[in-house]
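*Asks:* Okay, here's the structure, questions in a sec.
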Amino acid sequence: MPLIPATILTGFLGSGKTTLLKRVLTEAHGQKIAVIENEFGAENIDHDILVADTEEQIIQMSNGCVCCTIREDLRSTLAELAAKRRQGLLDFERVVIETTGLADPGPVAQTFFMDDEVAESYLLDSIITLVDAKHAAVQLNERQEARRQVGFADQIFISKSDLVQAPALDALSHRLKHMNPRAPIEMAHFGVVPISRVLDLRGFNLNAKLDIDPDFLKPSDGHGHHHGHDHAHDHEHEHGEHCNHPSHRHGHAHGHHHHHDDDVKSFVYRADRPFDPGKLEDFLGAMVQVYGPKMLRYKGVLHMQGSDRKVIFQGVHQLMGSDLGPEWKPDEVRQSRMVFIGIDLPRDILIQGLEQSLA
């Protein structure tokens with residue numbers, strides 16, 4: 001049986017997660033989706049949609065979707081859903097997990113890598129973060145959980161953009177780009193987002209994104225969607241590894257004042273010399289041991305000494321994985337490209353260690 005793709009939906013209270021979910025659950029998109037609710041309280045999906053007796057936690061919807069609330073932990077809920085699917089009791093093609101407004105998506109994502117039972121049935125597709133345009137500035141300033149959610153995202157949707165002025169929206173987009181340059185940012189009005197922008201994004205698929213789009217850190221995300229104002233991190237490409245200025249200082253040259261120097265930052269590293277595989281593995285292994293809790297997402301295409309194939313690597317917190325990608329094409333410039341997103345990342349240590357891991 002093919003693996004069941006799973007999407008993690010995160011975002012602060014009031015950011016519109018439930019609106020988006022309702023749309024996914026009630027729209028006739030022809031997909032059978034199991035939604036796992038991890039949120040209790042006013043934000044919960046309205047009970048008029050869910051006609052349920054209290055005993056059974058899993059409800060089949062009129063359009064074929066399945067909805068359940070997490071009774072114990074995510075692992076057991078996922079296992080139960082997969083078992084019912086195998087037995088033919090439930091029919092669904094994918095899972096969407098809604099996290100609580102204050103949740104750190106990290107442990108939810110790690111469940112898919114750490115637990116054998118879950119890993120045998122599911123494939124983590126992506127983490128989607130909803131950002132409320134009206135309240136984001138305050139939430140990002142005051143709550144690290146909100147900043148972490150941005151750092152984890154494979155795709156960011158800004159909701160309620162109609163409630164703020166263009167300059168504020170522009171500043172918010174800039175700020176999000178700084179924290180996470182690899183997640184496309186799009187506007188979402190009242191949960192009206194094409195389903196194709198929510199599902200099958202393959203943010204965690206080691207080969208897909210980086211290989212299809214060799215310039216995965218350039219302004220366009222490979223779908224022809226250009227996200228405006230990407231000059232904010234162009235400097236990364238111009239003097240990549242030798243650039244050690246504070247991450248927001250250059251922003252002032254563009255007239256964008258960041259009053260908050262966010263603790264969630266991104267850092268891009270490029271190298272033309274190949275890596276020594278042993279040295280790199282030792283260095284990255286040591287880094288995740290020490291800084292893992294602060295490393296949210298990291299990803300890269302690597303040029304390894306002695307290999308004609310690209311090595312694709314990525315991780316969440318302490319969990320790191322790598323895969324052999326396709327061969328380098330004869331005319332292709334063999335260059336390693338990596339992006340790290342984390343909390344107060346030790347940029348100098350990273351640069352020094354990566355430099356010392358080159359062959």
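Labeling convention for the structure tokens: chains A, B, ... as they appear, residues from 1 per chain, ligands from 1 in order of appearance.
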Residues at most 8 Å from Leu124 in chain A, counting only C-alpha atoms, excluding those fewer than 5 positions away in the same chain, as a PyMOL selection string?
*Replies:* chain A and resi 5-7+109+112+204-205
*Asks:* Show which residues sit within 6 Å of range 150-165 of chain A, as a list in words. Count only C-alpha atoms, and ignore same-chain residues fewer than 6 positions away.
*Replies:*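 The contact residues come out as Ser126, Ile127, Ile128, Thr129, Leu130, Val131, Asp132, Ala133, Asn180, Ala183, Pro184, Ile185, Glu186, Met187, Ala188, His189, Gly203, Leu296 and Arg297 of chain A.
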*Asks:* Find, counting only C-alpha atoms, the residue in A:Leu199, A:His135, A:Val311, A:Leu81 that gets nearest to Ala168 in chain A.
*Replies:* A:His135
*Asks:* Between A:Glu327, A:Asp104, A:Glu80, A:Glu93, which one has atoms that come closest to Lys32 in chain A, using only C-alpha atoms?
*Replies:*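 Checking each candidate against Lys32 in chain A, we get A:Glu93 as the closest.
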*Asks:* Give me, as a PyMOL selection string, the residues of range 103-213 of chain A that a backbone DSSP run labels helix (DSSP H, G or I).
*Replies:* chain A and resi 105-114+116-121+136-142+144-152+161-163+166-179+195-197+208-212
*Asks:* Residues within 12 Å of Ala83 in chain A, please, as a PyMOL selection string. Count only C-alpha atoms; anything in the same chain fewer than 5 positions from it doesn't count.
*Replies:* chain A and resi 76-78+88-92+117-118+120-122
*Asks:* Would you work out the distance separating CA of Gly325 in chain A from CA of Leu302 in chain A, expressed in Å to one decimal?
*Replies:*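 Distance reported for this atom pair: 9.4 Å.
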*Asks:* So what do you get for CA of Asp262 in chain A versus CA of Phe340 in chain A, distance-wise?
*Replies:*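 These atoms are spaced 14.9 Å apart.
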*Asks:* Env of Arg347 in chain A: 8 Å cut, atoms = only C-alpha atoms, seq-sep filter 2 positions within chain, self excluded. Answer as a ChimeraX atom specification.
*Replies:* /A:244,267,345,349-351
*Asks:* Quick check, in Å to one decimal: how far apart do CA of Leu21 in chain A and CA of Ile36 in chain A lie?
*Replies:* 10.2 Å
*Asks:* Tell me, which residues of range 25-167 of chain A carry DSSP strand (DSSP E or B), written as number ranges by chain?
*Replies:* A: 33-37, 58-60, 66-69, 94-98, 122-132, 155-159
*Asks:* Within 12 Å of range 274-276 of chain A, counting only C-alpha atoms, which residues show up once you throw out same-chain ones fewer than 5 positions away? Write them as a ChimeraX atom specification, please.
*Replies:* /A:281-284,301-311,333-337,353-359
*Asks:* Please list as an NGL selection string every residue within 8 Å of Ser266 in chain A, counting only C-alpha atoms and excluding residues in the same chain fewer than 2 positions away.
*Replies:* :A and (178-181 or 264 or 268 or 339-342)
